[in-house]
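Input: a single structure, listed below in structure tokens.
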Amino acid sequence: MGGKRALLSSRCMRFDIVTIFPGYFESVFTQGIVRRAQAERLVEIRLHDLRDFTHDRHRTVDDRPFGGGEGMVLKPEPLAEALASLGIYPMTPRAPTTSGAQAQSAPPRVILLSAQGRVFTQALARELAGLEQVVLICGRYEGVDERINELYCDMELSIGDYVLSGGEPAAAVVVDATMRLIPGVLGNEASGEFESFGVADAEIDVDVEGVPRSQHGAGGLLDYPHYTRPAEFGELRAPEVLMNGDHAQIRRWRREQQLKKTLKNRPDLLERAALSTEDRKMLKALLEANN
């Protein structure tokens, strides 16, 4: 079974994670889809302990900030050495690194995980999924010496408007969200299309084998509600429309629910969502019903 799925993708995407807590990932990357993707050689994850690139008795990776202030800052030297071990140097073209016997043709994308970065989105996950190698630097304490960001990093990335104790949880999020969009990782290729923040209908190319599609591409909206057996639970019954077998009705109901849930929980997404004329009519009706 594993070999059959691996044939869906001819490449292996590599993630390199630079961290002072490599043990954090021991359980995170040995479960579920991430474990299976590694076993089938669709994804390779390498952990690099930042303390291995120190040269003092205490394996020091941090120091006090210039100018005073609270907390400690990750020193630039160990990070620079860690990146150099991956063939990444400042202000020069990055040398391709090797994975197994095959040399990679494109330089890696170096990302500093930081609360100061641009917000990670599904669209960015899709962009990263098209790369061969991504290097994630996990910040810690008060942050990373800014010269590492200026000299080595392609972008700063945040997973939300809140502060974590370190970049390790963010790295796990980026790896999971990205690798599931790599061809062959998910058991059903359509699973990565029909979900929250997915692409619009026009961008979806899924073989439905002649069966009318009962789903809409999200087009930047949230996903619709899902139901399964039993039909009745806790005095609530699953919507009859989902059980009548009419694909056109199901598709329309699901689109309406996408709009309804997005309007309720993330109205900001509607401003940049790919909405059709029919979508706008449904949205107008929902807005009028709420007023």
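Lettering and numbering for the structure tokens are positional, with chains as A, B, ... in the shown order, residues counted from 1 in each chain, and ligands counted from 1 in the shown order.
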
_Those of range 127-284 of chain A in DSSP strand (DSSP E), formatted as a list of chain:residue names_ = A:Gln133, A:Val134, A:Val135, A:Leu136, A:Ile137, A:Cys138, A:Met155, A:Glu156, A:Leu157, A:Ser158, A:Glu232, A:Phe233, A:Leu236, A:Arg237

*Which of these residues is nearest to Gly69 in chain A, using only C-alpha atoms: A:Glu142, A:Tyr162, A:Asn291, A:Val34?*
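Looking at the shortest contact to Gly69 in chain A, the residue is A:Glu142.
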
*Nearest to Gly167 in chain A among A:Val61, A:Gly139, A:Glu232, A:Thr277, with distances taken over only C-alpha atoms: which residue is it?*
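When distances to Gly167 in chain A are compared using only C-alpha atoms, the smallest one comes from A:Gly139.
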
_12 Å contact set for Thr54 in chain A, only C-alpha atoms, chain neighbours under 5 positions out, as number ranges by chain_ = A: 20, 49, 59-62, 74-82

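Among the candidates A:Val185, A:Met72, A:Ala106, A:Ile159, the one nearest to Ala39 in chain A when counting only C-alpha atoms is A:Val185.
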
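Residue nearest Leu270 in chain A within the list A:Gly245, A:Gly234, A:Gly219, A:Gly117: A:Gly219 [criterion: smallest interatomic distance, only C-alpha atoms].
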
*asked:* From the options A:Leu42, A:Leu151, A:Leu259, A:Ile88, which residue's atoms come nearest to Leu287 in chain A, counting only C-alpha atoms?
replied: A:Leu259

*Distance query Glu256 in chain A at most 8 Å, only C-alpha atoms, self and fewer than 6 positions along chain excluded, as an NGL selection string*: :A and (279 or 282-283)

*asked:* Quick one: residues within 7 Å of Ile111 in chain A, only C-alpha atoms, excluding same-chain residues fewer than 6 positions away - as a PyMOL selection string?
replied: chain A and resi 135-137+153-157

Limited to N, CA and C atoms, could you put the picked residues into a file as a PDB file, in the first residue's frame?
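See again.pdb below for the written result:
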ATOM      1  N   VAL A 135      13.883  25.624   5.098  1.00  0.00           N
ATOM      2  CA  VAL A 135      14.622  25.660   6.359  1.00  0.00           C
ATOM      3  C   VAL A 135      13.856  26.550   7.335  1.00  0.00           C
ATOM      4  N   LEU A 136      13.517  26.000   8.489  1.00  0.00           N
ATOM      5  CA  LEU A 136      12.751  26.724   9.501  1.00  0.00           C
ATOM      6  C   LEU A 136      13.637  26.991  10.715  1.00  0.00           C
ATOM      7  N   ILE A 137      13.783  28.260  11.065  1.00  0.00           N
ATOM      8  CA  ILE A 137      14.561  28.647  12.243  1.00  0.00           C
ATOM      9  C   ILE A 137      13.584  28.958  13.367  1.00  0.00           C
ATOM     10  N   CYS A 153      17.713  35.126   5.922  1.00  0.00           N
ATOM     11  CA  CYS A 153      16.318  34.677   5.809  1.00  0.00           C
ATOM     12  C   CYS A 153      15.579  35.285   4.623  1.00  0.00           C
ATOM     13  N   ASP A 154      14.758  34.462   3.995  1.00  0.00           N
ATOM     14  CA  ASP A 154      13.912  34.929   2.892  1.00  0.00           C
ATOM     15  C   ASP A 154      12.638  35.575   3.406  1.00  0.00           C
ATOM     16  N   MET A 155      12.193  35.160   4.593  1.00  0.00           N
ATOM     17  CA  MET A 155      10.985  35.756   5.167  1.00  0.00           C
ATOM     18  C   MET A 155      10.894  35.436   6.647  1.00  0.00           C
ATOM     19  N   GLU A 156      10.151  36.304   7.348  1.00  0.00           N
ATOM     20  CA  GLU A 156       9.732  36.013   8.715  1.00  0.00           C
ATOM     21  C   GLU A 156       8.295  35.541   8.645  1.00  0.00           C
ATOM     22  N   LEU A 157       7.953  34.553   9.467  1.00  0.00           N
ATOM     23  CA  LEU A 157       6.631  33.957   9.386  1.00  0.00           C
ATOM     24  C   LEU A 157       6.038  33.793  10.781  1.00  0.00           C
TER      25      LEU A 157
END

_Residue with smallest distance to Met179 in chain A - pool A:Lys284, A:Ala129, A:Gly160, A:Lys260, counting only C-alpha atoms_ =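 Of A:Lys284, A:Ala129, A:Gly160, A:Lys260, the one nearest Met179 in chain A, counting only C-alpha atoms, is A:Ala129.
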
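CA of Ala273 in chain A to CA of Gln257 in chain A spans 14.7 Å [interatomic distance, one decimal].
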
*Near Glu26 in chain A, counting only C-alpha atoms, which residues have an atom at most 12 Å away, once you skip same-chain residues fewer than 3 positions from it, shown as an NGL selection string?*
:A and (21-23 or 29-31 or 34-35 or 45-47 or 168 or 172)

Export of the given selection (N, CA and C atoms) as a PDB file, in the first residue's frame:
ATOM      1  N   PHE A  21      15.402  22.730  20.958  1.00  0.00           N
ATOM      2  CA  PHE A  21      14.627  21.645  21.559  1.00  0.00           C
ATOM      3  C   PHE A  21      14.206  20.615  20.508  1.00  0.00           C
ATOM      4  N   PRO A  22      15.150  19.875  19.941  1.00  0.00           N
ATOM      5  CA  PRO A  22      14.786  18.873  18.934  1.00  0.00           C
ATOM      6  C   PRO A  22      13.853  17.801  19.486  1.00  0.00           C
ATOM      7  N   GLY A  23      13.932  17.548  20.812  1.00  0.00           N
ATOM      8  CA  GLY A  23      13.070  16.546  21.415  1.00  0.00           C
ATOM      9  C   GLY A  23      11.595  16.903  21.359  1.00  0.00           C
ATOM     10  N   PHE A  29       6.146  14.396  14.923  1.00  0.00           N
ATOM     11  CA  PHE A  29       6.424  13.919  13.572  1.00  0.00           C
ATOM     12  C   PHE A  29       6.440  12.398  13.455  1.00  0.00           C
ATOM     13  N   THR A  30       5.968  11.716  14.461  1.00  0.00           N
ATOM     14  CA  THR A  30       5.917  10.247  14.388  1.00  0.00           C
ATOM     15  C   THR A  30       4.481   9.745  14.451  1.00  0.00           C
ATOM     16  N   GLN A  31       3.535  10.618  14.120  1.00  0.00           N
ATOM     17  CA  GLN A  31       2.120  10.262  14.176  1.00  0.00           C
ATOM     18  C   GLN A  31       1.440  10.553  12.836  1.00  0.00           C
ATOM     19  N   VAL A  34       1.968  12.731   8.858  1.00  0.00           N
ATOM     20  CA  VAL A  34       3.380  13.132   8.788  1.00  0.00           C
ATOM     21  C   VAL A  34       4.286  11.907   8.842  1.00  0.00           C
ATOM     22  N   ARG A  35       3.972  10.975   9.724  1.00  0.00           N
ATOM     23  CA  ARG A  35       4.776   9.740   9.817  1.00  0.00           C
ATOM     24  C   ARG A  35       4.697   8.954   8.516  1.00  0.00           C
ATOM     25  N   ILE A  45      12.256  15.102   7.049  1.00  0.00           N
ATOM     26  CA  ILE A  45      12.367  16.120   8.087  1.00  0.00           C
ATOM     27  C   ILE A  45      13.670  15.898   8.843  1.00  0.00           C
ATOM     28  N   ARG A  46      14.527  16.910   8.845  1.00  0.00           N
ATOM     29  CA  ARG A  46      15.798  16.830   9.559  1.00  0.00           C
ATOM     30  C   ARG A  46      15.826  17.872  10.668  1.00  0.00           C
ATOM     31  N   LEU A  47      16.179  17.441  11.861  1.00  0.00           N
ATOM     32  CA  LEU A  47      16.257  18.322  13.018  1.00  0.00           C
ATOM     33  C   LEU A  47      17.714  18.654  13.309  1.00  0.00           C
ATOM     34  N   GLU A 168       8.993  26.331  17.946  1.00  0.00           N
ATOM     35  CA  GLU A 168       8.778  24.908  17.683  1.00  0.00           C
ATOM     36  C   GLU A 168       7.334  24.569  17.327  1.00  0.00           C
ATOM     37  N   ALA A 172       5.998  23.031  13.614  1.00  0.00           N
ATOM     38  CA  ALA A 172       5.147  21.852  13.435  1.00  0.00           C
ATOM     39  C   ALA A 172       3.921  22.195  12.599  1.00  0.00           C
TER      40      ALA A 172
END
